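So this one's work-v5.cif, mmCIF, C-alpha atoms:
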data_input
loop_
_atom_site.label_atom_id
_atom_site.label_comp_id
_atom_site.auth_asym_id
_atom_site.auth_seq_id
_atom_site.Cartn_x
_atom_site.Cartn_y
_atom_site.Cartn_z
CA MET Y 21 -3.75 3.33 -37.85
CA ASP Y 22 -4.57 -0.36 -38.35
CA SER Y 23 -5.98 -2.58 -35.60
CA HIS Y 24 -2.53 -4.00 -34.78
CA ASP Y 25 -1.11 -0.54 -34.07
CA ALA Y 26 -4.31 0.65 -32.42
CA THR Y 27 -4.24 -2.23 -29.94
CA PHE Y 28 -0.73 -1.36 -28.84
CA HIS Y 29 -1.34 2.38 -28.57
CA ALA Y 30 -4.49 1.81 -26.52
CA LEU Y 31 -2.41 -0.14 -24.00
CA ARG Y 32 0.63 2.14 -24.11
CA PRO Y 33 -0.32 4.24 -21.05
CA ARG Y 34 -0.69 1.08 -18.97
CA LEU Y 35 2.64 -0.30 -20.18
CA PHE Y 36 4.34 2.99 -19.38
CA GLY Y 37 2.64 3.07 -15.97
CA ILE Y 38 3.95 -0.37 -15.08
CA ALA Y 39 7.47 0.34 -16.36
CA TYR Y 40 7.70 3.72 -14.63
CA ARG Y 41 6.51 2.34 -11.30
CA MET Y 42 9.06 -0.45 -11.63
CA LEU Y 43 11.99 1.76 -12.63
CA GLY Y 44 11.27 5.30 -11.47
CA VAL Y 45 13.01 6.78 -14.53
CA ARG Y 46 11.00 8.07 -17.48
CA ALA Y 47 13.64 7.35 -20.12
CA ASP Y 48 14.01 3.77 -18.91
CA ALA Y 49 10.23 3.31 -18.87
CA GLU Y 50 9.99 4.70 -22.40
CA ASP Y 51 12.74 2.30 -23.51
CA VAL Y 52 10.73 -0.60 -22.09
CA VAL Y 53 7.64 0.53 -23.99
CA GLN Y 54 9.67 0.90 -27.19
CA ASP Y 55 11.17 -2.58 -26.78
CA ALA Y 56 7.67 -3.97 -26.18
CA TRP Y 57 6.53 -2.24 -29.39
CA LEU Y 58 9.34 -3.86 -31.39
CA ARG Y 59 8.47 -7.28 -29.99
CA TRP Y 60 4.78 -6.67 -30.68
CA ASN Y 61 5.56 -5.92 -34.31
CA ALA Y 62 7.64 -9.09 -34.64
CA ALA Y 63 5.09 -11.38 -32.96
CA ASP Y 64 2.30 -13.43 -34.50
CA THR Y 65 -0.34 -11.42 -32.69
CA ALA Y 66 -3.24 -12.99 -34.56
CA ALA Y 67 -2.75 -16.15 -32.49
CA LEU Y 68 -2.85 -14.37 -29.12
CA GLN Y 69 -5.73 -14.99 -26.76
CA SER Y 70 -5.15 -11.68 -24.96
CA ALA Y 71 -3.10 -8.81 -26.37
CA GLU Y 72 -3.13 -7.08 -22.98
CA ALA Y 73 -1.78 -10.10 -21.13
CA TRP Y 74 0.95 -10.59 -23.74
CA LEU Y 75 2.06 -6.96 -23.74
CA VAL Y 76 1.92 -6.55 -19.96
CA THR Y 77 3.97 -9.74 -19.59
CA VAL Y 78 6.59 -8.49 -22.04
CA ALA Y 79 6.80 -5.03 -20.46
CA THR Y 80 6.97 -6.43 -16.94
CA ARG Y 81 9.76 -8.85 -17.74
CA LEU Y 82 11.72 -6.16 -19.58
CA ALA Y 83 11.31 -3.88 -16.57
CA ILE Y 84 12.47 -6.60 -14.18
CA ASP Y 85 15.65 -7.09 -16.21
CA ARG Y 86 16.32 -3.34 -16.30
CA LEU Y 87 15.65 -2.99 -12.58
CA ARG Y 88 18.17 -5.73 -11.76
CA ALA Y 89 20.84 -3.77 -13.63
CA ALA Y 90 19.70 -0.46 -12.15
CA ARG Y 91 19.88 -1.74 -8.59
CA LEU Y 92 23.60 -2.39 -9.02
CA GLU Y 93 24.06 1.20 -10.19
CA ARG Y 94 21.95 2.60 -7.34
CA GLU Y 95 24.19 0.92 -4.79
CA SER Y 96 26.85 3.48 -5.71
CA TYR Y 97 24.42 6.39 -6.01
CA VAL Y 98 25.43 9.36 -3.87
CA GLY Y 99 22.83 10.02 -1.17
CA GLU Y 100 19.16 9.08 -1.19
CA TRP Y 101 17.67 7.86 -4.47
CA LEU Y 102 14.24 9.22 -5.44
CA PRO Y 103 12.36 8.62 -8.70
CA GLU Y 104 12.48 11.08 -11.56
CA PRO Y 105 9.32 13.12 -10.96
CA ILE Y 106 6.39 13.36 -13.34
CA VAL Y 107 5.24 16.95 -13.02
CA GLU Y 108 2.01 18.50 -14.29
CA LEU Y 109 1.66 22.27 -14.33
CA ASP Y 110 -1.27 22.94 -16.64
CA GLU Y 111 -2.15 19.93 -18.76
CA ARG Y 112 -2.27 16.25 -18.02
CA THR Y 113 -0.06 14.12 -20.23
CA PRO Y 114 -0.92 10.54 -21.27
CA GLU Y 115 1.91 9.21 -19.09
CA SER Y 116 0.70 11.02 -15.99
CA ILE Y 117 -2.93 9.94 -16.05
CA ALA Y 118 -2.49 7.61 -13.12
CA GLU Y 119 -4.38 4.43 -12.58
CA ARG Y 120 -4.46 4.83 -8.81
CA ALA Y 121 -2.56 8.07 -8.14
CA ASP Y 122 -1.72 6.90 -4.62
CA GLU Y 123 0.34 4.13 -6.22
CA LEU Y 124 2.40 6.71 -8.14
CA SER Y 125 3.50 9.11 -5.42
CA LEU Y 126 7.15 9.75 -4.61
CA ALA Y 127 6.50 8.43 -1.11
CA PHE Y 128 5.17 5.14 -2.44
CA LEU Y 129 7.86 4.66 -5.09
CA HIS Y 130 10.55 5.47 -2.53
CA LEU Y 131 9.25 2.66 -0.35
CA LEU Y 132 9.22 0.23 -3.29
CA GLU Y 133 13.01 0.45 -3.45
CA ARG Y 134 12.98 -1.94 -0.49
CA LEU Y 135 11.58 -4.73 -2.67
CA GLY Y 136 13.39 -7.07 -5.05
CA PRO Y 137 12.55 -6.79 -8.77
CA GLU Y 138 10.14 -9.75 -9.02
CA GLU Y 139 8.58 -9.00 -5.65
CA ARG Y 140 8.06 -5.40 -6.76
CA ALA Y 141 6.48 -6.53 -10.03
CA ALA Y 142 4.09 -8.91 -8.29
CA TYR Y 143 3.07 -6.29 -5.75
CA LEU Y 144 2.47 -3.59 -8.36
CA LEU Y 145 0.53 -5.82 -10.73
CA ARG Y 146 -1.74 -6.82 -7.86
CA GLN Y 147 -2.10 -3.58 -5.89
CA ALA Y 148 -1.77 -0.88 -8.55
CA PHE Y 149 -3.19 -2.64 -11.61
CA ASP Y 150 -5.62 -5.14 -10.08
CA TYR Y 151 -4.51 -8.28 -11.90
CA ASP Y 152 -5.51 -11.46 -10.14
CA TYR Y 153 -2.96 -13.85 -8.69
CA GLY Y 154 -3.37 -16.37 -11.47
CA GLU Y 155 -2.72 -13.76 -14.15
CA ILE Y 156 0.39 -12.51 -12.36
CA ALA Y 157 1.66 -16.05 -11.88
CA ALA Y 158 1.42 -16.63 -15.64
CA MET Y 159 3.15 -13.34 -16.39
CA LEU Y 160 6.07 -14.03 -14.04
CA GLU Y 161 6.15 -17.79 -14.64
CA LYS Y 162 5.66 -18.56 -10.96
CA SER Y 163 3.10 -20.61 -9.09
CA GLU Y 164 0.03 -18.82 -7.84
CA ALA Y 165 1.03 -19.75 -4.28
CA ALA Y 166 4.43 -18.12 -4.79
CA ILE Y 167 2.81 -14.93 -6.08
CA ARG Y 168 0.42 -14.78 -3.14
CA GLN Y 169 3.35 -15.18 -0.79
CA ALA Y 170 5.39 -12.50 -2.59
CA VAL Y 171 2.54 -9.98 -2.49
CA HIS Y 172 1.84 -10.74 1.17
CA ARG Y 173 5.53 -10.39 2.05
CA ALA Y 174 5.80 -7.11 0.17
CA THR Y 175 2.65 -5.77 1.82
CA GLU Y 176 4.01 -6.57 5.26
CA ARG Y 177 7.39 -5.00 4.49
CA LEU Y 178 5.75 -1.76 3.38
CA ARG Y 179 2.86 -1.65 5.84
CA LEU Y 180 4.66 -0.11 8.82
CA GLU Y 181 6.43 2.57 6.82
CA ARG Y 182 3.77 3.55 4.32
CA PRO Y 183 1.84 6.72 5.25
CA ARG Y 184 -1.70 5.88 6.26
CA PHE Y 185 -3.29 9.31 6.23
CA ASP Y 186 -6.56 9.42 4.31
CA VAL Y 187 -6.57 13.11 3.45
CA PRO Y 188 -8.92 14.65 0.86
CA ARG Y 189 -7.07 16.19 -2.06
CA GLU Y 190 -8.66 19.57 -1.37
CA THR Y 191 -7.30 19.55 2.20
CA HIS Y 192 -3.86 18.52 0.89
CA GLU Y 193 -3.89 21.40 -1.62
CA GLN Y 194 -5.06 23.99 0.93
CA LEU Y 195 -2.27 23.06 3.33
CA LEU Y 196 0.26 23.17 0.54
CA ARG Y 197 -0.91 26.65 -0.54
CA ARG Y 198 -0.46 27.90 3.00
CA PHE Y 199 3.01 26.41 3.17
CA VAL Y 200 4.07 27.88 -0.18
CA ALA Y 201 2.83 31.31 0.94
CA ALA Y 202 4.80 31.04 4.18
CA ALA Y 203 7.97 29.85 2.43
CA SER Y 204 7.66 32.60 -0.20
CA SER Y 205 7.38 35.30 2.48
CA GLY Y 206 10.17 33.87 4.62
CA ASP Y 207 7.92 33.79 7.69
CA ARG Y 208 9.75 31.24 9.81
CA GLY Y 209 6.99 31.07 12.43
CA ALA Y 210 4.33 30.40 9.80
CA ILE Y 211 6.51 27.74 8.19
CA ARG Y 212 7.13 26.05 11.54
CA ALA Y 213 3.43 26.08 12.43
CA LEU Y 214 2.62 23.99 9.35
CA LEU Y 215 5.12 21.25 10.18
CA ALA Y 216 4.59 18.24 12.41
CA ASP Y 217 7.11 18.02 15.24
CA ASN Y 218 8.58 14.84 13.75
CA VAL Y 219 8.60 16.08 10.15
CA SER Y 220 11.38 14.82 7.89
CA ALA Y 221 12.76 16.04 4.57
CA ILE Y 222 14.29 13.53 2.16
CA GLY Y 223 16.37 15.03 -0.62
CA ASP Y 224 17.94 13.55 -3.73
CA GLY Y 225 20.88 15.57 -5.00
CA GLY Y 226 22.62 12.68 -6.73
CA GLY Y 227 26.00 14.03 -5.64
CA LYS Y 228 25.52 16.98 -8.00
CA VAL Y 229 23.90 19.40 -5.58
CA PRO Y 230 24.03 19.36 -1.77
CA SER Y 231 21.66 17.13 0.19
CA VAL Y 232 21.70 15.95 3.79
CA PRO Y 233 22.66 12.25 4.12
CA GLY Y 234 19.75 10.37 5.66
CA GLY Y 235 17.48 13.39 5.36
CA MET Y 236 16.70 16.21 7.77
CA HIS Y 237 14.44 15.58 10.75
CA GLY Y 238 12.50 17.75 13.18
CA ALA Y 239 10.29 20.78 12.68
CA ASP Y 240 12.84 23.38 13.76
CA ARG Y 241 15.54 22.06 11.44
CA VAL Y 242 13.25 21.76 8.44
CA ALA Y 243 11.72 25.21 9.06
CA ASN Y 244 15.21 26.69 9.32
CA LEU Y 245 16.12 25.07 6.00
CA PHE Y 246 13.33 26.88 4.12
CA TRP Y 247 13.93 30.08 6.08
CA ALA Y 248 17.63 30.01 5.22
CA HIS Y 249 16.81 29.65 1.53
CA HIS Y 250 14.69 32.79 1.75
CA LEU Y 251 17.36 34.75 3.64
CA ARG Y 252 20.03 33.78 1.14
CA LEU Y 253 18.11 34.12 -2.11
CA GLY Y 254 15.11 36.32 -1.38
CA GLU Y 255 13.17 37.29 -4.49
CA ARG Y 256 15.31 35.03 -6.65
CA ILE Y 257 13.16 32.12 -5.39
CA GLU Y 258 9.74 31.33 -6.79
CA TYR Y 259 7.50 28.57 -5.48
CA ARG Y 260 5.04 27.23 -8.02
CA LEU Y 261 2.27 24.76 -7.21
CA ALA Y 262 2.27 21.62 -9.33
CA THR Y 263 1.08 18.05 -9.35
CA VAL Y 264 4.05 15.81 -8.63
CA ASN Y 265 3.48 12.13 -9.35
CA GLY Y 266 -0.25 12.46 -9.03
CA THR Y 267 -0.29 14.35 -5.73
CA PRO Y 268 -0.19 18.08 -4.88
CA GLY Y 269 3.36 19.40 -4.69
CA PHE Y 270 5.45 22.34 -5.79
CA LEU Y 271 8.44 23.42 -7.80
CA ARG Y 272 11.13 25.64 -6.32
CA ILE Y 273 12.49 27.85 -9.08
CA ILE Y 274 15.67 29.87 -8.64
CA ASP Y 275 16.65 32.48 -11.19
CA GLY Y 276 14.10 31.00 -13.59
CA GLN Y 277 15.49 27.45 -13.37
CA VAL Y 278 13.79 24.53 -11.63
CA GLU Y 279 15.91 23.77 -8.55
CA SER Y 280 13.68 21.05 -7.10
CA ALA Y 281 10.38 19.24 -7.47
CA GLN Y 282 8.86 18.50 -4.07
CA ALA Y 283 5.95 16.44 -2.83
CA ILE Y 284 4.58 16.26 0.69
CA VAL Y 285 2.85 13.80 2.95
CA THR Y 286 0.34 15.34 5.35
CA ASP Y 287 -1.86 14.11 8.18
CA GLY Y 288 -4.46 16.70 7.15
CA GLU Y 289 -3.29 19.34 9.61
CA ARG Y 290 0.48 19.48 9.23
CA ILE Y 291 3.18 18.30 6.86
CA VAL Y 292 4.89 15.14 8.06
CA ARG Y 293 7.34 14.55 5.19
CA PHE Y 294 8.91 16.27 2.21
CA TYR Y 295 10.36 14.45 -0.78
CA ALA Y 296 12.62 16.80 -2.72
CA VAL Y 297 14.11 15.76 -6.05
CA ARG Y 298 17.08 18.09 -6.63
CA ASN Y 299 19.31 16.06 -8.93
CA PRO Y 300 19.46 18.27 -12.07
CA ASP Y 301 19.43 15.21 -14.34
CA LYS Y 302 16.00 14.26 -12.97
CA LEU Y 303 14.59 17.76 -13.47
CA ALA Y 304 15.71 18.27 -17.08
CA ARG Y 305 12.30 17.45 -18.59
CA ILE Y 306 10.41 19.96 -16.48
CA VAL Y 307 9.71 23.08 -18.53
CA VAL Y 308 8.20 26.15 -16.87
CA ALA Y 309 7.05 29.33 -18.54
CA PRO Y 310 8.76 32.57 -17.46
#
Is it possible to give me this structure as structure tokens?
Amino acid sequence: MDSHDATFHALRPRLFGIAYRMLGVRADAEDVVQDAWLRWNAADTAALQSAEAWLVTVATRLAIDRLRAARLERESYVGEWLPEPIVELDERTPESIAERADELSLAFLHLLERLGPEERAAYLLRQAFDYDYGEIAAMLEKSEAAIRQAVHRATERLRLERPRFDVPRETHEQLLRRFVAAASSGDRGAIRALLADNVSAIGDGGGKVPSVPGGMHGADRVANLFWAHHLRLGERIEYRLATVNGTPGFLRIIDGQVESAQAIVTDGERIVRFYAVRNPDKLARIVVAP
């Protein structure tokens, strides 16, 4: 591999990370990276002051254009839209090695849907990838003042809704193990005890499998949902712990097929939110061993 190719491949995980956080769809993010690669090969890279700045600019602008088109499609999407999950069972993949895992979670990416494409790009480049305002301004061809305003506006829009629980990963995992054990046994009381009173469950079925419009809210209703699955399917269900978008989560497997990839938000004592990706199209890349 020559230095030209090596430079690109060294930056590829970052380009994918930006594109995925912008778009929430792996195939679209991969297309952005491939388009950036084609442009990199066609460019006079010897004259560049910074290969990273050039490639990040190209990838970001490509992602903005794709997001504008995608937002029109998502307006007609059936039910709640959640990102295609990146799931790790045993080995970490280059795409999933997160620069700031908290900026990759389903909860965070779900909130980002509230932002416009350029506002989302500015916020991510600043908060998830630590570029300074001047660098972002050059990338987006805006004034530094405009970028500062965009990041501030985005921060304020997300601040009230973004979970603010600083929970150690070990605590998160322990709670999740207890929940998976309760759900696997069908112990409704044990399930209910692990849920906050105001817990909510947000599901993305994409119109292809059932999901509750607006989500399901309240500990009794959410506990009954998992309990009903156990009553109906019994031993046909398997819950398997996994890392979902950089945070502890689980897969629900029915008859050997992945039915959903789920992530949770916890306050350290109870689960306050579930994000369940159930659209089969978004689960197609997840491969589990028998």
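Residue nearest Gly238 of chain Y within the list Y:Val292, Y:Val278, Y:Leu43, Y:Ile211: Y:Val292 [criterion: smallest interatomic distance, all atoms listed in the file].
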Inset, instruction - Go through Y:Leu271, Y:Ile306, Y:Ile291, Y:Ile167 and flag the residue nearest Ala213 of chain Y, using only C-alpha atoms for the distances. - result: Y:Ile291
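Closest approach to Gln169 of chain Y among Y:Ile38, Y:Ala142, Y:Leu126, Y:Ile84 is made by Y:Ala142 (distances from all atoms listed in the file).
Neighbours of Ala166 of chain Y closer than or equal to 12 Å, with all atoms listed in the file counted and sequence neighbours fewer than 4 positions away skipped, come out as Glu138, Glu139, Ala142, Tyr143, Tyr153, Gly154, Ile156, Ala157, Ala158, Leu160, Glu161, Lys162, Ala170, Val171, His172 and Arg173 of chain Y.
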Inset, instruction - Tell me, in Å to one decimal, how far atom CA of Ala71 of chain Y is from atom CA of Glu155 of chain Y. - result: 13.2 Å
Skip Glu193 of chain Y itself and residues of its chain fewer than 2 positions away, then list as a short mmCIF file (atom, residue, chain, number, x, y, z; two decimals) with C-alpha atoms, in the coordinates of the input all residues within 12 Å of it, counting all atoms listed in the file.
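This is the output file selection-v9.cif:
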data_model
loop_
_atom_site.label_atom_id
_atom_site.label_comp_id
_atom_site.auth_asym_id
_atom_site.auth_seq_id
_atom_site.Cartn_x
_atom_site.Cartn_y
_atom_site.Cartn_z
CA VAL Y 187 -6.57 13.11 3.45
CA PRO Y 188 -8.92 14.65 0.86
CA ARG Y 189 -7.07 16.19 -2.06
CA GLU Y 190 -8.66 19.57 -1.37
CA THR Y 191 -7.30 19.55 2.20
CA LEU Y 195 -2.27 23.06 3.33
CA LEU Y 196 0.26 23.17 0.54
CA ARG Y 197 -0.91 26.65 -0.54
CA ARG Y 198 -0.46 27.90 3.00
CA PHE Y 199 3.01 26.41 3.17
CA VAL Y 200 4.07 27.88 -0.18
CA LEU Y 261 2.27 24.76 -7.21
CA ALA Y 262 2.27 21.62 -9.33
CA THR Y 263 1.08 18.05 -9.35
CA VAL Y 264 4.05 15.81 -8.63
CA THR Y 267 -0.29 14.35 -5.73
CA PRO Y 268 -0.19 18.08 -4.88
CA GLY Y 269 3.36 19.40 -4.69
CA PHE Y 270 5.45 22.34 -5.79
CA ALA Y 283 5.95 16.44 -2.83
CA ILE Y 284 4.58 16.26 0.69
CA VAL Y 285 2.85 13.80 2.95
CA THR Y 286 0.34 15.34 5.35
CA GLY Y 288 -4.46 16.70 7.15
CA GLU Y 289 -3.29 19.34 9.61
CA ARG Y 290 0.48 19.48 9.23
CA ILE Y 291 3.18 18.30 6.86
#
Inset, instruction - For each of Y:Arg208, Y:Ala66, Y:Arg41, Y:Ala201, take the minimum atom-to-atom distance to Pro137 of chain Y, counting all atoms listed in the file, then give the residue where this is smallest. - result: Y:Arg41
Inset, instruction - For atom CA of Glu279 of chain Y and atom CA of Ala89 of chain Y, quote the distance in Å rounded to one decimal. - result: 28.4 Å
Legend entry - Nearest residue to Ile273 of chain Y from the set Y:Ala39, Y:Ala63, Y:Leu129, Y:Leu303 (distances using all atoms listed in the file): Y:Leu303
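The shortest atom-to-atom distance to Leu131 of chain Y, with all atoms listed in the file taken into account, belongs to Y:Arg182 out of Y:Arg182, Y:His29, Y:Arg86, Y:Arg252.
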Once the PyMOL selection byres ((chain Y and resi 24-26) around 10) has been applied to the shown file, what residues remain in the selection, as a JSON list (two decimals) with C-alpha atoms, in the frame of the given file?
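Saved to part-v8.json:
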[["chain", "number", "residue", "atom", "x", "y", "z"],
["Y", 21, "MET", "CA", -3.75, 3.33, -37.85],
["Y", 22, "ASP", "CA", -4.57, -0.36, -38.35],
["Y", 23, "SER", "CA", -5.98, -2.58, -35.60],
["Y", 27, "THR", "CA", -4.24, -2.23, -29.94],
["Y", 28, "PHE", "CA", -0.73, -1.36, -28.84],
["Y", 29, "HIS", "CA", -1.34, 2.38, -28.57],
["Y", 30, "ALA", "CA", -4.49, 1.81, -26.52],
["Y", 31, "LEU", "CA", -2.41, -0.14, -24.00],
["Y", 32, "ARG", "CA", 0.63, 2.14, -24.11],
["Y", 57, "TRP", "CA", 6.53, -2.24, -29.39],
["Y", 60, "TRP", "CA", 4.78, -6.67, -30.68],
["Y", 61, "ASN", "CA", 5.56, -5.92, -34.31],
["Y", 65, "THR", "CA", -0.34, -11.42, -32.69],
["Y", 66, "ALA", "CA", -3.24, -12.99, -34.56],
["Y", 71, "ALA", "CA", -3.10, -8.81, -26.37]]
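For the point (11.9, 7.9, -2.1), the residues with an atom at a distance of at most 8 Å are Glu100, Trp101, Leu102, Pro103, Leu126, Ala127, Phe128, Leu129, His130, Leu131, Glu133, Ile222 and Tyr295 of chain Y, counting only C-alpha atoms.
Atom CA of Asp186 of chain Y is found 23.6 Å from atom CA of Arg140 of chain Y.
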